[in-house]
$ cat protein_6.tsv   # TSV, C-alpha atoms
chain	number	residue	atom	x	y	z
A	1	MET	CA	50.98	9.38	-7.35
A	2	GLU	CA	50.38	5.68	-7.95
A	3	THR	CA	53.24	3.25	-7.40
A	4	ALA	CA	53.71	-0.36	-8.44
A	5	SER	CA	53.43	-1.53	-4.84
A	6	PHE	CA	50.16	0.24	-4.13
A	7	PRO	CA	47.08	-1.91	-4.85
A	8	ASP	CA	44.64	-0.56	-7.41
A	9	LEU	CA	41.81	-0.17	-4.91
A	10	ARG	CA	39.80	2.06	-7.22
A	11	ALA	CA	39.72	-0.66	-9.86
A	12	GLN	CA	38.60	-3.15	-7.23
A	13	LEU	CA	35.76	-0.85	-6.18
A	14	HIS	CA	34.71	-0.45	-9.79
A	15	ALA	CA	34.74	-4.21	-10.24
A	16	THR	CA	32.64	-4.66	-7.10
A	17	GLU	CA	30.05	-2.18	-8.39
A	18	GLU	CA	29.88	-4.05	-11.71
A	19	LEU	CA	29.36	-7.30	-9.83
A	20	ILE	CA	26.72	-6.34	-7.26
A	21	LEU	CA	24.83	-3.31	-8.58
A	22	ALA	CA	21.80	-3.51	-10.86
A	23	PRO	CA	22.26	-2.81	-14.58
A	24	GLN	CA	20.25	0.41	-14.15
A	25	ALA	CA	22.53	1.72	-11.39
A	26	ALA	CA	24.85	4.67	-11.95
A	27	LEU	CA	28.31	3.14	-11.92
A	28	SER	CA	31.09	5.42	-10.74
A	29	SER	CA	33.32	4.12	-13.52
A	30	ARG	CA	30.85	5.54	-16.05
A	31	THR	CA	30.32	8.98	-14.58
A	32	ARG	CA	29.95	11.85	-17.02
A	33	GLY	CA	32.75	13.43	-15.06
A	34	ARG	CA	33.53	16.81	-13.56
A	35	GLY	CA	33.51	20.29	-14.98
A	36	VAL	CA	37.26	20.44	-14.38
A	37	PRO	CA	39.01	17.09	-14.96
A	38	GLU	CA	41.06	15.81	-12.01
A	39	GLU	CA	43.46	13.00	-11.32
A	40	GLU	CA	41.50	10.06	-9.92
A	41	SER	CA	41.81	8.91	-6.32
A	42	LEU	CA	43.80	5.81	-5.48
A	43	VAL	CA	41.31	4.51	-2.93
A	44	ARG	CA	37.92	6.08	-3.64
A	45	THR	CA	35.41	6.14	-6.46
A	46	GLU	CA	34.33	9.51	-7.88
A	47	TYR	CA	31.02	9.44	-5.98
A	48	GLN	CA	32.81	8.61	-2.73
A	49	ARG	CA	35.03	11.64	-3.29
A	50	ASP	CA	31.96	13.82	-3.85
A	51	ARG	CA	30.36	12.55	-0.66
A	52	ASP	CA	33.51	13.35	1.31
A	53	ARG	CA	33.87	16.79	-0.25
A	54	VAL	CA	30.36	17.73	0.81
A	55	ILE	CA	30.88	16.47	4.37
A	56	HIS	CA	34.07	18.52	4.71
A	57	SER	CA	32.53	21.68	3.26
A	58	ARG	CA	31.81	24.73	5.38
A	59	ALA	CA	28.24	24.89	4.10
A	60	PHE	CA	27.59	21.39	5.47
A	61	ARG	CA	28.85	22.38	8.92
A	62	ARG	CA	26.55	25.40	8.95
A	63	LEU	CA	23.48	23.18	8.63
A	64	LYS	CA	23.61	22.44	12.36
A	65	HIS	CA	22.59	26.04	13.07
A	66	LYS	CA	19.89	26.40	10.41
A	67	THR	CA	16.18	26.09	11.13
A	68	GLN	CA	14.26	23.06	9.91
A	69	VAL	CA	10.70	23.98	11.02
A	70	PHE	CA	10.88	25.32	14.57
A	71	MET	CA	12.89	28.53	14.58
A	72	ALA	CA	15.92	28.60	16.90
A	73	PRO	CA	14.39	26.06	19.32
A	74	LEU	CA	15.77	25.91	22.85
A	75	GLY	CA	15.05	22.19	23.25
A	76	ASP	CA	17.88	19.78	22.53
A	77	HIS	CA	15.83	17.35	20.44
A	78	TYR	CA	14.28	19.48	17.72
A	79	ALA	CA	15.45	18.82	14.19
A	80	THR	CA	17.90	21.13	12.45
A	81	ARG	CA	18.89	21.11	8.79
A	82	LEU	CA	21.86	18.94	9.71
A	83	SER	CA	19.93	16.28	11.62
A	84	HIS	CA	17.33	16.24	8.84
A	85	THR	CA	20.03	15.74	6.21
A	86	LEU	CA	21.53	12.81	8.11
A	87	GLU	CA	18.09	11.21	8.47
A	88	VAL	CA	17.43	11.57	4.75
A	89	ALA	CA	20.83	10.02	4.00
A	90	GLN	CA	20.07	6.95	6.08
A	91	ILE	CA	16.65	6.44	4.49
A	92	ALA	CA	18.00	7.00	0.98
A	93	ARG	CA	20.87	4.60	1.47
A	94	THR	CA	18.49	1.91	2.74
A	95	ILE	CA	16.38	2.24	-0.40
A	96	ALA	CA	19.42	2.32	-2.68
A	97	ARG	CA	20.91	-0.77	-1.07
A	98	ALA	CA	17.67	-2.72	-1.33
A	99	LEU	CA	17.34	-1.86	-5.02
A	100	ARG	CA	21.05	-2.54	-5.73
A	101	LEU	CA	21.65	1.06	-6.72
A	102	ASN	CA	24.71	3.17	-5.96
A	103	GLU	CA	24.70	4.11	-2.27
A	104	ASP	CA	27.68	6.44	-2.61
A	105	LEU	CA	26.02	8.55	-5.30
A	106	THR	CA	22.77	8.60	-3.31
A	107	ALA	CA	24.58	9.74	-0.18
A	108	ALA	CA	26.52	12.46	-1.99
A	109	ILE	CA	23.31	13.94	-3.41
A	110	VAL	CA	21.50	13.80	-0.08
A	111	LEU	CA	24.29	15.41	1.89
A	112	ALA	CA	24.32	18.36	-0.52
A	113	HIS	CA	20.59	18.70	-1.22
A	114	ASP	CA	19.83	21.30	1.48
A	115	LEU	CA	23.08	23.30	1.52
A	116	GLY	CA	21.30	26.25	-0.09
A	117	HIS	CA	18.63	26.74	2.55
A	118	ALA	CA	18.45	30.26	3.93
A	119	PRO	CA	18.49	31.02	7.67
A	120	PHE	CA	15.16	30.68	9.50
A	121	GLY	CA	13.83	28.01	7.18
A	122	HIS	CA	11.16	28.85	4.67
A	123	ALA	CA	10.70	32.30	6.21
A	124	GLY	CA	14.19	33.18	5.02
A	125	GLU	CA	13.52	31.62	1.64
A	126	ASP	CA	10.37	33.74	1.25
A	127	VAL	CA	12.28	36.95	2.01
A	128	LEU	CA	14.99	36.25	-0.55
A	129	ASN	CA	12.43	35.16	-3.11
A	130	ARG	CA	10.65	38.50	-2.66
A	131	LEU	CA	13.71	40.74	-2.70
A	132	ASP	CA	15.90	39.13	-5.35
A	133	PRO	CA	14.55	40.10	-8.80
A	134	LYS	CA	15.40	36.61	-10.07
A	135	GLY	CA	13.61	34.95	-7.16
A	136	PHE	CA	15.07	32.33	-4.85
A	137	SER	CA	14.93	28.55	-4.70
A	138	HIS	CA	16.86	26.61	-2.07
A	139	THR	CA	17.30	23.84	-4.65
A	140	GLU	CA	19.06	26.11	-7.12
A	141	GLN	CA	20.96	27.73	-4.26
A	142	SER	CA	22.26	24.32	-3.18
A	143	TYR	CA	23.58	23.91	-6.72
A	144	ARG	CA	25.22	27.35	-6.52
A	145	VAL	CA	26.86	26.50	-3.21
A	146	VAL	CA	28.65	23.42	-4.50
A	147	GLU	CA	29.31	24.76	-7.99
A	148	TYR	CA	30.37	28.36	-7.32
A	149	LEU	CA	30.53	29.38	-3.66
A	150	GLU	CA	32.40	26.75	-1.67
A	151	LYS	CA	36.20	26.89	-1.38
A	152	ASP	CA	36.28	30.68	-1.69
A	153	GLY	CA	34.46	30.72	-5.00
A	154	ARG	CA	36.11	27.74	-6.66
A	155	GLY	CA	33.32	25.30	-5.90
A	156	LEU	CA	33.61	21.61	-5.09
A	157	ASN	CA	33.85	20.44	-8.72
A	158	LEU	CA	31.36	17.61	-8.15
A	159	THR	CA	30.41	15.04	-10.75
A	160	TRP	CA	27.57	15.65	-13.20
A	161	GLU	CA	25.38	12.99	-11.56
A	162	VAL	CA	25.54	14.61	-8.12
A	163	LEU	CA	24.74	18.06	-9.52
A	164	ASP	CA	21.84	16.56	-11.47
A	165	GLY	CA	20.47	14.89	-8.34
A	166	ILE	CA	20.65	18.10	-6.29
A	167	ARG	CA	18.55	19.92	-8.88
A	168	GLY	CA	15.96	17.16	-9.04
A	169	HIS	CA	15.04	16.67	-5.37
A	170	SER	CA	12.28	19.26	-4.87
A	171	LYS	CA	8.58	18.50	-5.21
A	172	PRO	CA	5.43	20.66	-5.14
A	173	ARG	CA	3.04	20.71	-2.21
A	174	ALA	CA	0.25	18.78	-3.93
A	175	ASP	CA	2.11	15.60	-4.83
A	176	ILE	CA	5.23	13.94	-3.45
A	177	SER	CA	5.85	12.16	-6.74
A	178	ALA	CA	5.68	15.32	-8.89
A	179	THR	CA	8.55	17.64	-9.79
A	180	TYR	CA	9.08	21.30	-10.53
A	181	GLY	CA	9.97	20.40	-14.10
A	182	TYR	CA	13.38	18.88	-13.40
A	183	ASN	CA	13.49	15.17	-12.65
A	184	ALA	CA	16.79	13.58	-11.67
A	185	SER	CA	18.28	11.57	-14.51
A	186	THR	CA	19.58	8.77	-12.27
A	187	LEU	CA	17.50	6.45	-10.14
A	188	GLU	CA	19.76	7.37	-7.24
A	189	GLY	CA	18.75	11.01	-7.62
A	190	GLN	CA	15.08	10.05	-7.77
A	191	ILE	CA	15.42	8.21	-4.46
A	192	VAL	CA	16.43	11.44	-2.73
A	193	LYS	CA	13.11	13.12	-3.51
A	194	PHE	CA	11.17	10.40	-1.71
A	195	ALA	CA	13.65	9.94	1.14
A	196	ASP	CA	13.53	13.69	1.81
A	197	VAL	CA	9.78	13.79	2.32
A	198	ILE	CA	9.70	10.52	4.28
A	199	ALA	CA	12.23	11.96	6.69
A	200	TYR	CA	10.82	15.43	7.20
A	201	ILE	CA	7.13	14.54	7.47
A	202	ASN	CA	7.77	12.06	10.25
A	203	THR	CA	10.40	14.08	12.10
A	204	ASP	CA	8.23	17.19	11.92
A	205	ILE	CA	5.32	15.26	13.40
A	206	GLY	CA	7.49	14.36	16.39
A	207	ASP	CA	8.71	17.93	16.80
A	208	ALA	CA	5.18	19.29	16.56
A	209	VAL	CA	3.97	16.85	19.22
A	210	ARG	CA	6.94	17.81	21.42
A	211	ALA	CA	6.03	21.47	21.00
A	212	SER	CA	2.35	20.76	21.82
A	213	ILE	CA	1.27	22.01	18.40
A	214	ILE	CA	-0.54	18.77	17.57
A	215	ALA	CA	-1.56	15.61	19.41
A	216	PRO	CA	-0.59	12.18	18.02
A	217	GLU	CA	-4.22	11.08	17.93
A	218	ALA	CA	-5.12	14.07	15.76
A	219	LEU	CA	-3.27	12.75	12.70
A	220	PRO	CA	-5.69	12.04	9.83
A	221	THR	CA	-6.97	8.48	9.95
A	222	ALA	CA	-6.97	8.34	6.14
A	223	ALA	CA	-3.18	8.46	6.43
A	224	THR	CA	-2.48	6.54	9.64
A	225	ALA	CA	-4.73	3.63	8.62
A	226	VAL	CA	-2.35	3.01	5.72
A	227	LEU	CA	1.00	4.29	7.02
A	228	GLY	CA	0.75	3.52	10.73
A	229	ASP	CA	0.25	5.51	13.90
A	230	ARG	CA	3.86	5.55	15.14
A	231	HIS	CA	7.00	7.24	13.82
A	232	SER	CA	9.00	4.10	13.12
A	233	VAL	CA	6.04	2.25	11.62
A	234	ARG	CA	5.26	5.08	9.20
A	235	ILE	CA	8.86	5.34	8.04
A	236	ASN	CA	9.10	1.57	7.60
A	237	THR	CA	5.84	1.48	5.63
A	238	MET	CA	6.89	4.27	3.29
A	239	VAL	CA	10.43	2.99	2.76
A	240	CYS	CA	9.31	-0.59	2.11
A	241	ASP	CA	6.63	0.65	-0.28
A	242	VAL	CA	9.14	2.64	-2.34
A	243	ILE	CA	11.36	-0.44	-2.55
A	244	ALA	CA	8.47	-2.73	-3.53
A	245	ALA	CA	6.96	-0.32	-6.07
A	246	SER	CA	10.32	0.38	-7.72
A	247	GLN	CA	11.50	-3.19	-8.21
A	248	ASP	CA	11.44	-2.93	-12.01
A	249	LEU	CA	13.86	0.02	-11.77
A	250	GLN	CA	12.04	1.95	-14.48
A	251	SER	CA	11.64	4.81	-12.00
A	252	ILE	CA	11.52	5.39	-8.26
A	253	ARG	CA	7.94	5.63	-7.02
A	254	MET	CA	5.37	4.70	-4.40
A	255	SER	CA	2.29	2.55	-4.81
A	256	GLU	CA	-0.91	4.53	-5.43
A	257	ARG	CA	-2.29	3.59	-2.01
A	258	VAL	CA	0.74	4.69	0.00
A	259	LEU	CA	1.32	7.75	-2.19
A	260	GLU	CA	-2.24	8.92	-1.61
A	261	ALA	CA	-1.93	8.42	2.16
A	262	SER	CA	1.44	10.20	2.22
A	263	ASN	CA	0.03	13.15	0.29
A	264	VAL	CA	-2.88	13.35	2.72
A	265	LEU	CA	-0.50	13.38	5.69
A	266	ARG	CA	1.79	15.96	4.08
A	267	GLU	CA	-1.10	18.31	3.25
A	268	TRP	CA	-2.41	17.92	6.80
A	269	MET	CA	1.03	18.92	8.09
A	270	PHE	CA	0.97	22.02	5.90
A	271	GLN	CA	-2.38	23.03	7.32
A	272	GLN	CA	-1.78	22.14	10.95
A	273	VAL	CA	1.96	22.74	11.42
A	274	TYR	CA	3.84	24.43	8.58
A	275	THR	CA	1.35	27.32	8.36
A	276	ASN	CA	0.29	27.23	12.02
A	277	PRO	CA	0.44	30.75	13.58
A	278	ASN	CA	2.11	29.32	16.69
A	279	VAL	CA	4.89	27.83	14.56
A	280	LYS	CA	5.13	30.83	12.25
A	281	GLY	CA	4.97	33.36	15.10
A	282	GLU	CA	8.59	34.46	14.72
A	283	ASP	CA	8.45	34.69	10.93
A	284	GLY	CA	7.58	38.37	11.01
A	285	ARG	CA	10.70	39.22	13.00
A	286	ALA	CA	12.86	37.02	10.77
A	287	ASN	CA	11.37	38.63	7.65
A	288	MET	CA	12.04	42.11	8.99
A	289	MET	CA	15.58	41.30	10.06
A	290	LEU	CA	16.65	39.60	6.81
A	291	GLY	CA	14.91	42.31	4.80
A	292	GLU	CA	16.87	45.00	6.65
A	293	LEU	CA	20.11	43.10	6.08
A	294	TYR	CA	19.34	42.79	2.38
A	295	HIS	CA	18.67	46.51	2.00
A	296	TYR	CA	21.72	47.41	4.09
A	297	PHE	CA	24.04	45.45	1.80
A	298	GLU	CA	22.38	47.03	-1.24
A	299	ARG	CA	23.58	50.36	0.15
A	300	HIS	CA	26.89	49.06	1.52
A	301	PRO	CA	28.13	46.15	-0.62
A	302	ASP	CA	31.65	46.81	0.61
A	303	GLN	CA	30.58	45.56	4.04
A	304	MET	CA	30.13	42.02	2.74
A	305	PRO	CA	33.06	39.57	2.67
A	306	SER	CA	35.28	39.94	-0.40
A	307	LEU	CA	33.82	36.83	-2.05
A	308	PHE	CA	30.48	38.63	-2.31
A	309	GLN	CA	31.73	42.08	-3.23
A	310	GLN	CA	32.56	40.87	-6.72
A	311	ASN	CA	33.03	37.56	-8.49
A	312	ALA	CA	34.56	36.20	-11.66
A	313	ARG	CA	31.12	35.69	-13.26
A	314	ASN	CA	30.22	39.40	-12.97
A	315	GLU	CA	26.91	38.54	-11.34
A	316	SER	CA	24.50	41.19	-10.11
A	317	LEU	CA	24.68	42.77	-6.68
A	318	HIS	CA	21.32	41.17	-5.90
A	319	GLN	CA	22.73	37.71	-6.59
A	320	ARG	CA	25.77	38.36	-4.43
A	321	ILE	CA	23.65	39.65	-1.53
A	322	THR	CA	21.39	36.62	-1.85
A	323	ASP	CA	24.41	34.30	-1.82
A	324	TYR	CA	25.74	35.97	1.33
A	325	ILE	CA	22.49	35.99	3.29
A	326	ALA	CA	21.44	32.50	2.18
A	327	GLY	CA	24.71	31.14	3.55
A	328	MET	CA	24.15	32.59	7.01
A	329	THR	CA	23.13	30.47	9.97
A	330	ASP	CA	20.26	31.67	12.14
A	331	ARG	CA	22.50	32.92	14.88
A	332	PHE	CA	25.02	34.55	12.53
A	333	ALA	CA	22.20	36.50	10.85
A	334	ILE	CA	21.06	37.67	14.29
A	335	SER	CA	24.63	38.64	15.20
A	336	VAL	CA	25.12	40.66	12.00
A	337	PHE	CA	21.80	42.42	12.53
A	338	GLU	CA	22.65	43.25	16.14
A	339	ASN	CA	26.05	44.64	15.14
A	340	LEU	CA	24.44	46.86	12.52
A	341	TYR	CA	21.26	48.02	14.24
A	342	VAL	CA	21.22	47.33	17.99
A	343	PRO	CA	22.86	50.02	20.15
A	344	ARG	CA	25.78	48.87	22.24
A	345	LEU	CA	25.63	49.67	25.93
A	346	TRP	CA	28.47	51.58	27.53
A	347	THR	CA	30.23	49.72	30.31
A	348	VAL	CA	31.55	51.87	33.13
A	349	VAL	CA	34.64	50.45	34.78

$ encode --input "protein_6.tsv" --output "structure tokens"
Amino acid sequence: METASFPDLRAQLHATEELILAPQAALSSRTRGRGVPEEESLVRTEYQRDRDRVIHSRAFRRLKHKTQVFMAPLGDHYATRLSHTLEVAQIARTIARALRLNEDLTAAIVLAHDLGHAPFGHAGEDVLNRLDPKGFSHTEQSYRVVEYLEKDGRGLNLTWEVLDGIRGHSKPRADISATYGYNASTLEGQIVKFADVIAYINTDIGDAVRASIIAPEALPTAATAVLGDRHSVRINTMVCDVIAASQDLQSIRMSERVLEASNVLREWMFQQVYTNPNVKGEDGRANMMLGELYHYFERHPDQMPSLFQQNARNESLHQRITDYIAGMTDRFAISVFENLYVPRLWTVV
């Protein structure tokens, strides 16, 4: 409850945004709002509140135990969904700041963009896409997490702009700049798409070198000649190019030269790393395990937590099973499978 003695910090933040942000930026004072109206914060803008809600969510915490590329790696320095998300956030905020766009909105979208990823990376996504009659997309699942599943089914009640940005971050394999038919309405949301790929391409290169899957000198020269032959140089090149190419703030984009080189590098990573048998070697086991879990809960829906046994939207059993499995971490999925299917040894005292 506001009092006369408490400074109107929110108004000051709004005034600061009006003063320093570009005319094309998404101002928090002009948000389209939330699905359920709420009393405004005394000290934070609406996008700052969204950012904080995502960080404090259970789904965000689970990202630390979800596969990025290398499944359940034993090494301490391989990327997880959580470390990837933090890297994307830093890159996206750098771009937003340079273009005088809203950093808080950008950060809120980034921090939520991968919440819907299934356990075991894209192997888990493939299983759910095959078994759920409606298919599965981690982008749409991220939307479901924040809109319907967090807070015991109440959702986080995020602003329209954050939800829009989550839905607009994915891009097809062939072209970083393309979309799957849904482009973020805000420039801040468009930043996330580019920051995401800048982060994961370069981090995945480092992980693949660490795992002896590729050698640094094997990277395609058509890409390294433009982007650079070191991790930090490539990131700097790509980030600076997005900033330079987007100065008119008509859209967020790369120059043709850097975009072409980035697409070459990304496609090379698909061929040499993302579909490499040595990287995908555990996919068969993950597919079998998640498939068995899916079919088990089809037969025994009462064995799922109450949130997934029924919901207020009367969604199908398939959707509820997908929601449950998609929310699992790698190790929790293994634990559930072991409890259901692996015999327990008797201990003689």

$ closest_atom_pairs --input "protein_6.tsv" --of "range 75-140 of chain A" --to "range 285-303 of chain A" --cutoff "10 Å" --atoms "all atoms listed in the file" --output "Markdown table"
| residue | atom | partner | partner_atom | distance |
| --- | --- | --- | --- | --- |
| A:Ala118 | CA | A:Leu290 | CA | 9.9 |
| A:Pro119 | CA | A:Ala286 | CA | 8.8 |
| A:Phe120 | CA | A:Ala286 | CA | 6.9 |
| A:Gly121 | CA | A:Ala286 | CA | 9.7 |
| A:Ala123 | CA | A:Asn287 | CA | 6.5 |
| A:Gly124 | CA | A:Asn287 | CA | 6.7 |
| A:Glu125 | CA | A:Asn287 | CA | 9.5 |
| A:Asp126 | CA | A:Asn287 | CA | 8.1 |
| A:Val127 | CA | A:Asn287 | CA | 6.0 |
| A:Leu128 | CA | A:Gly291 | CA | 8.1 |
| A:Arg130 | CA | A:Gly291 | CA | 9.4 |
| A:Leu131 | CA | A:Gly291 | CA | 7.8 |
| A:Asp132 | CA | A:Tyr294 | CA | 9.2 |

$ write_last_selection --input "protein_6.tsv" --atoms "C-alpha atoms" --output "compact mmCIF listing (two decimals), in the coordinates of the input"
# COMPACT_ATOMS: atom_id res chain seq x y z
CA ALA A 118 18.45 30.26 3.93
CA PRO A 119 18.49 31.02 7.67
CA PHE A 120 15.16 30.68 9.50
CA GLY A 121 13.83 28.01 7.18
CA ALA A 123 10.70 32.30 6.21
CA GLY A 124 14.19 33.18 5.02
CA GLU A 125 13.52 31.62 1.64
CA ASP A 126 10.37 33.74 1.25
CA VAL A 127 12.28 36.95 2.01
CA LEU A 128 14.99 36.25 -0.55
CA ARG A 130 10.65 38.50 -2.66
CA LEU A 131 13.71 40.74 -2.70
CA ASP A 132 15.90 39.13 -5.35

$ residues_around --input "protein_6.tsv" --residues "Thr94 in chain A" --least-positions-apart "5" --cutoff "9 Å" --atoms "all atoms listed in the file" --output "ChimeraX atom specification"
/A:89,99,103,239

$ closest_residue --input "protein_6.tsv" --among "A:Ser57, A:Glu161, A:Ser137, A:Arg100" --to "Thr16 in chain A" --atoms "only C-alpha atoms"
A:Arg100

$ residues_around --input "protein_6.tsv" --residues "Leu101 in chain A" --least-positions-apart "2" --cutoff "8 Å" --atoms "all atoms listed in the file" --output "JSON, numbers by chain"
{"A": [21, 22, 24, 25, 26, 96, 97, 98, 99, 103, 187, 188]}

$ residues_around --input "protein_6.tsv" --residues "range 259-268 of chain A" --least-positions-apart "5" --cutoff "10 Å" --atoms "only C-alpha atoms" --output "list in words"
Arg173, Ala174, Asp175, Ile176, Ser177, Val197, Ile198, Tyr200, Ile201, Asn202, Ile205, Leu219, Pro220, Thr221, Ala222, Ala223, Thr224, Ala225, Val226, Leu227, Arg234, Met238, Asp241, Val242, Arg253, Met254, Val273 and Tyr274 of chain A

$ closest_residue --input "protein_6.tsv" --among "A:Thr80, A:Thr45, A:Gln90, A:Asn129" --to "His318 in chain A" --atoms "only C-alpha atoms"
A:Asn129

$ atom_distance --input "protein_6.tsv" --atom1 "CA of Ile109 in chain A" --atom2 "CA of Ile166 in chain A"
5.7 Å

$ closest_residue --input "protein_6.tsv" --among "A:His169, A:Arg49, A:Arg62, A:Arg81" --to "Lys193 in chain A" --atoms "only C-alpha atoms"
A:His169
